[in-house]
Structure formats: C-alpha cells, structure tokens
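Here is work20.csv, consisting of CSV, N, CA and C atoms:
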```csv
chain,number,residue,atom,x,y,z
A,1,MET,N,177.1,115.1,224.0
A,1,MET,CA,176.8,115.4,225.3
A,1,MET,C,177.8,114.9,226.3
A,2,LEU,N,178.5,113.9,225.9
A,2,LEU,CA,179.5,113.3,226.7
A,2,LEU,C,180.7,114.3,226.9
A,3,ASN,N,181.0,115.1,225.8
A,3,ASN,CA,182.1,116.0,225.9
A,3,ASN,C,181.8,117.1,226.9
A,4,SER,N,180.6,117.6,227.0
A,4,SER,CA,180.3,118.7,228.0
A,4,SER,C,180.4,118.1,229.4
A,5,TYR,N,180.0,116.9,229.7
A,5,TYR,CA,180.1,116.3,231.0
A,5,TYR,C,181.6,116.2,231.3
A,6,THR,N,182.4,115.7,230.4
A,6,THR,CA,183.8,115.6,230.6
A,6,THR,C,184.5,116.9,230.9
A,7,PHE,N,184.1,117.9,230.2
A,7,PHE,CA,184.6,119.3,230.4
A,7,PHE,C,184.2,119.8,231.8
A,8,ILE,N,183.0,119.5,232.3
A,8,ILE,CA,182.6,120.0,233.6
A,8,ILE,C,183.3,119.2,234.7
A,9,ILE,N,183.5,117.9,234.5
A,9,ILE,CA,184.3,117.1,235.5
A,9,ILE,C,185.7,117.6,235.6
A,10,MET,N,186.4,117.8,234.4
A,10,MET,CA,187.8,118.2,234.4
A,10,MET,C,187.9,119.6,235.0
A,11,THR,N,187.0,120.5,234.7
A,11,THR,CA,187.1,121.9,235.2
A,11,THR,C,186.9,121.8,236.8
A,12,THR,N,185.9,121.0,237.2
A,12,THR,CA,185.7,120.9,238.7
A,12,THR,C,187.0,120.4,239.3
A,13,LEU,N,187.6,119.4,238.8
A,13,LEU,CA,188.8,118.8,239.4
A,13,LEU,C,189.9,119.9,239.4
A,14,VAL,N,190.1,120.7,238.4
A,14,VAL,CA,191.1,121.7,238.3
A,14,VAL,C,190.8,122.8,239.4
A,15,ILE,N,189.6,123.2,239.5
A,15,ILE,CA,189.2,124.2,240.6
A,15,ILE,C,189.4,123.6,241.9
A,16,LEU,N,189.1,122.3,242.2
A,16,LEU,CA,189.3,121.7,243.5
A,16,LEU,C,190.8,121.6,243.8
A,17,ILE,N,191.6,121.3,242.8
A,17,ILE,CA,193.1,121.2,243.1
A,17,ILE,C,193.6,122.6,243.5
A,18,PHE,N,193.3,123.6,242.7
A,18,PHE,CA,193.7,125.0,243.0
A,18,PHE,C,193.2,125.4,244.4
A,19,SER,N,192.0,125.1,244.7
A,19,SER,CA,191.4,125.5,246.0
A,19,SER,C,192.1,124.8,247.1
A,20,TYR,N,192.4,123.5,246.9
A,20,TYR,CA,193.1,122.8,247.9
A,20,TYR,C,194.5,123.3,248.2
A,21,LEU,N,195.2,123.6,247.1
A,21,LEU,CA,196.6,124.1,247.2
A,21,LEU,C,196.7,125.4,247.9
A,22,ILE,N,195.7,126.3,247.5
A,22,ILE,CA,195.7,127.6,248.2
A,22,ILE,C,195.2,127.5,249.6
A,23,GLY,N,194.2,126.6,249.8
A,23,GLY,CA,193.6,126.5,251.1
A,23,GLY,C,194.6,125.9,252.1
A,24,ARG,N,195.6,125.2,251.7
A,24,ARG,CA,196.6,124.7,252.6
A,24,ARG,C,197.3,125.8,253.4
A,25,LYS,N,197.6,126.9,252.7
A,25,LYS,CA,198.3,128.0,253.2
A,25,LYS,C,197.4,128.9,254.1
A,26,LYS,N,196.2,129.2,253.6
A,26,LYS,CA,195.3,130.0,254.4
A,26,LYS,C,193.9,129.4,254.1
A,27,GLU,N,193.3,128.9,255.2
A,27,GLU,CA,192.0,128.1,255.0
A,27,GLU,C,190.9,129.0,254.5
A,28,SER,N,190.8,130.3,254.8
A,28,SER,CA,189.7,131.1,254.4
A,28,SER,C,189.7,131.3,252.8
A,29,LEU,N,190.9,131.2,252.2
A,29,LEU,CA,191.0,131.3,250.8
A,29,LEU,C,190.5,130.1,250.0
A,30,ARG,N,190.1,129.1,250.7
A,30,ARG,CA,189.7,127.9,250.0
A,30,ARG,C,188.4,128.1,249.3
A,31,TYR,N,187.6,129.0,249.8
A,31,TYR,CA,186.3,129.3,249.1
A,31,TYR,C,186.4,130.3,248.1
A,32,VAL,N,187.4,131.1,248.0
A,32,VAL,CA,187.6,132.2,247.1
A,32,VAL,C,187.7,131.8,245.7
A,33,ILE,N,188.5,130.7,245.5
A,33,ILE,CA,188.8,130.3,244.1
A,33,ILE,C,187.5,129.8,243.4
A,34,PRO,N,186.6,129.0,243.9
A,34,PRO,CA,185.4,128.6,243.2
A,34,PRO,C,184.5,129.9,243.0
A,35,LEU,N,184.4,130.7,244.0
A,35,LEU,CA,183.6,131.9,243.9
A,35,LEU,C,184.1,132.8,242.8
A,36,ALA,N,185.4,133.0,242.7
A,36,ALA,CA,186.0,133.9,241.7
A,36,ALA,C,185.7,133.3,240.3
A,37,VAL,N,185.9,132.0,240.2
A,37,VAL,CA,185.6,131.4,238.9
A,37,VAL,C,184.1,131.5,238.5
A,38,ALA,N,183.2,131.4,239.5
A,38,ALA,CA,181.8,131.6,239.2
A,38,ALA,C,181.5,133.0,238.7
A,39,VAL,N,182.1,134.0,239.4
A,39,VAL,CA,181.9,135.3,239.0
A,39,VAL,C,182.4,135.6,237.6
A,40,LEU,N,183.6,135.1,237.3
A,40,LEU,CA,184.2,135.3,236.0
A,40,LEU,C,183.4,134.6,234.9
A,41,SER,N,182.8,133.4,235.2
A,41,SER,CA,182.0,132.8,234.2
A,41,SER,C,180.7,133.5,234.0
A,42,LEU,N,180.1,134.1,235.0
A,42,LEU,CA,178.9,135.0,234.8
A,42,LEU,C,179.3,136.2,234.0
A,43,ALA,N,180.4,136.8,234.2
A,43,ALA,CA,180.9,137.9,233.3
A,43,ALA,C,181.1,137.5,231.9
A,44,GLY,N,181.6,136.3,231.7
A,44,GLY,CA,181.7,135.7,230.4
A,44,GLY,C,180.4,135.5,229.7
A,45,PHE,N,179.4,135.1,230.5
A,45,PHE,CA,178.1,134.9,229.9
A,45,PHE,C,177.5,136.3,229.5
A,46,ILE,N,177.7,137.3,230.3
A,46,ILE,CA,177.2,138.6,229.9
A,46,ILE,C,177.9,139.1,228.6
A,47,ILE,N,179.2,138.9,228.5
A,47,ILE,CA,179.9,139.3,227.3
A,47,ILE,C,179.4,138.5,226.1
A,48,ASN,N,179.0,137.3,226.4
A,48,ASN,CA,178.5,136.4,225.3
A,48,ASN,C,177.3,137.1,224.7
A,49,LEU,N,176.4,137.7,225.4
A,49,LEU,CA,175.2,138.4,224.9
A,49,LEU,C,175.6,139.5,223.9
A,50,LEU,N,176.8,140.1,224.1
A,50,LEU,CA,177.2,141.2,223.2
A,50,LEU,C,177.8,140.6,221.9
A,51,VAL,N,178.3,139.4,222.0
A,51,VAL,CA,178.9,138.9,220.8
A,51,VAL,C,177.9,138.4,219.8
A,52,GLY,N,176.9,137.7,220.2
A,52,GLY,CA,175.8,137.3,219.4
A,52,GLY,C,176.2,136.2,218.3
A,53,GLY,N,175.2,135.7,217.7
A,53,GLY,CA,175.4,134.7,216.6
A,53,GLY,C,175.8,133.3,217.2
A,54,TRP,N,176.3,132.5,216.3
A,54,TRP,CA,176.8,131.1,216.7
A,54,TRP,C,178.0,131.2,217.6
A,55,GLU,N,178.8,132.2,217.4
A,55,GLU,CA,180.0,132.3,218.2
A,55,GLU,C,179.6,132.6,219.6
A,56,GLY,N,178.7,133.5,219.8
A,56,GLY,CA,178.2,133.9,221.1
A,56,GLY,C,177.5,132.7,221.8
A,57,LEU,N,176.8,131.9,221.0
A,57,LEU,CA,176.2,130.7,221.6
A,57,LEU,C,177.2,129.8,222.2
A,58,GLY,N,178.3,129.6,221.5
A,58,GLY,CA,179.4,128.7,222.0
A,58,GLY,C,180.0,129.3,223.2
A,59,TYR,N,180.3,130.6,223.3
A,59,TYR,CA,180.8,131.2,224.5
A,59,TYR,C,179.9,131.1,225.7
A,60,GLY,N,178.6,131.2,225.4
A,60,GLY,CA,177.6,131.1,226.4
A,60,GLY,C,177.5,129.7,227.0
A,61,ALA,N,177.6,128.7,226.1
A,61,ALA,CA,177.6,127.3,226.6
A,61,ALA,C,178.8,127.0,227.4
A,62,LEU,N,180.0,127.5,227.0
A,62,LEU,CA,181.2,127.3,227.8
A,62,LEU,C,181.1,128.0,229.1
A,63,SER,N,180.6,129.2,229.1
A,63,SER,CA,180.4,130.0,230.4
A,63,SER,C,179.5,129.2,231.4
A,64,ILE,N,178.4,128.7,230.8
A,64,ILE,CA,177.5,127.9,231.7
A,64,ILE,C,178.2,126.7,232.3
A,65,MET,N,178.9,126.0,231.4
A,65,MET,CA,179.6,124.8,231.9
A,65,MET,C,180.6,125.1,233.0
A,66,VAL,N,181.4,126.2,232.8
A,66,VAL,CA,182.3,126.6,233.8
A,66,VAL,C,181.6,127.0,235.1
A,67,PHE,N,180.5,127.7,235.0
A,67,PHE,CA,179.7,128.1,236.2
A,67,PHE,C,179.2,126.9,237.0
A,68,VAL,N,178.7,125.9,236.3
A,68,VAL,CA,178.3,124.6,236.9
A,68,VAL,C,179.5,124.0,237.6
A,69,ALA,N,180.6,123.9,237.0
A,69,ALA,CA,181.8,123.3,237.6
A,69,ALA,C,182.2,124.1,238.8
A,70,ALA,N,182.1,125.4,238.8
A,70,ALA,CA,182.5,126.2,240.0
A,70,ALA,C,181.5,126.0,241.1
A,71,VAL,N,180.3,125.9,240.8
A,71,VAL,CA,179.3,125.6,241.9
A,71,VAL,C,179.5,124.2,242.5
A,72,LEU,N,179.7,123.3,241.6
A,72,LEU,CA,180.0,121.9,242.1
A,72,LEU,C,181.2,121.9,243.0
A,73,SER,N,182.3,122.5,242.6
A,73,SER,CA,183.5,122.5,243.4
A,73,SER,C,183.3,123.3,244.7
A,74,LEU,N,182.5,124.3,244.7
A,74,LEU,CA,182.2,125.0,246.0
A,74,LEU,C,181.4,124.2,246.9
A,75,LEU,N,180.4,123.4,246.4
A,75,LEU,CA,179.7,122.5,247.2
A,75,LEU,C,180.6,121.4,247.8
A,76,ILE,N,181.5,120.9,247.0
A,76,ILE,CA,182.4,119.8,247.4
A,76,ILE,C,183.3,120.3,248.5
A,77,VAL,N,183.8,121.5,248.3
A,77,VAL,CA,184.7,122.1,249.3
A,77,VAL,C,184.0,122.3,250.6
A,78,THR,N,182.8,122.9,250.5
A,78,THR,CA,182.0,123.1,251.7
A,78,THR,C,181.6,121.9,252.5
A,79,ILE,N,181.1,120.9,251.8
A,79,ILE,CA,180.7,119.6,252.4
A,79,ILE,C,181.9,118.9,253.0
A,80,SER,N,183.1,118.9,252.3
A,80,SER,CA,184.3,118.3,252.9
A,80,SER,C,184.7,119.0,254.2
A,81,GLN,N,184.6,120.3,254.2
A,81,GLN,CA,185.0,121.1,255.4
A,81,GLN,C,184.0,120.8,256.6
A,82,MET,N,182.7,120.6,256.3
A,82,MET,CA,181.8,120.3,257.3
A,82,MET,C,182.0,118.9,257.9
A,83,VAL,N,182.3,118.0,257.0
A,83,VAL,CA,182.6,116.6,257.5
A,83,VAL,C,183.9,116.6,258.3
A,84,LYS,N,184.9,117.4,257.9
A,84,LYS,CA,186.2,117.4,258.6
A,84,LYS,C,186.0,118.0,260.0
A,85,ARG,N,185.2,119.0,260.1
A,85,ARG,CA,185.0,119.7,261.4
A,85,ARG,C,184.2,118.8,262.4
A,86,ARG,N,183.3,117.9,261.9
A,86,ARG,CA,182.5,117.1,262.7
A,86,ARG,C,183.4,115.9,263.3
A,87,ARG,N,184.5,115.6,262.7
A,87,ARG,CA,185.3,114.5,263.3
A,87,ARG,C,186.2,115.0,264.4
```

As structure tokens - that is how I would like this structure written.
Amino acid sequence: MLNSYTFIIMTTLVILIFSYLIGRKKESLRYVIPLAVAVLSLAGFIINLLVGGWEGLGYGALSIMVFVAAVLSLLIVTISQMVKRRR
C-alpha cells in the first residue's frame, strides 16, 4: 500500500511542477494540465475494461492512481490561486 501512496504523491508533484512551469507563461493554462491528465487517466480506465484479466486490473489501478493525483493537483492549484488572490 505504501507504494501506491508514493506513486500518487510523486505523480501529484510532477503534475504540479508542469502546471507551475506552464502557468508562469500564461496563467489560464495552469488548470489545463491537471484536467488533461485526469481525462487521459479516465480514457486509460476505459481502455482497461477492454484489456481484461490481471493485466487490465493493473492498468485500471494505475489509471485510478493517476486520476487521484490529477484531482489532488487541481485542488492544490485552485486553493493556492485563491489564497494568492486574497492577499
């Protein structure tokens, strides 16, 4: 179980870094990276249903972990922008 938490944390950090780097140039793109990753992970989950078996189960678990990381990074980006605007 520790490995899945580590994977989610590392994926969240990678998404946040890409979101920050792209968001420095154009602020509206800051939200696009986490949303795009979330959509791609949902597409991966749908493809997982077509694969089936143990291999499909692994792809499904990976897709769910990436989706959770994308949602977490979107929440972090949104909350940080709200705090920044209030100051």

Polymer residues at most 8 Å from A:Ile8, only C-alpha atoms, same-chain spacing of 6 or more positions, as a list in words: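 Returned residues: Met65, Val66, Val68 and Ala69 of chain A.
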
Selection: 6 Å around stretch 31-47 of chain A, only N, CA and C atoms, excl. self and same-chain fewer than 4 positions, as a PyMOL selection string: chain A and resi 19+27+51+59-60+63+66-67+70+73-74

Separation of atom CA of A:Val71 from atom CA of A:Thr12 in Å: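 The value is 8.6 Å.
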
Atomic separation - atom CA of A:Ser4 relative to atom C of A:Asn48, Å: 18.9 Å

Atom CA of A:Phe7 to atom C of A:Lys26, distance in Å rounded to a single decimal: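 We find that atom CA of A:Phe7 and atom C of A:Lys26 lie 27.4 Å from each other.
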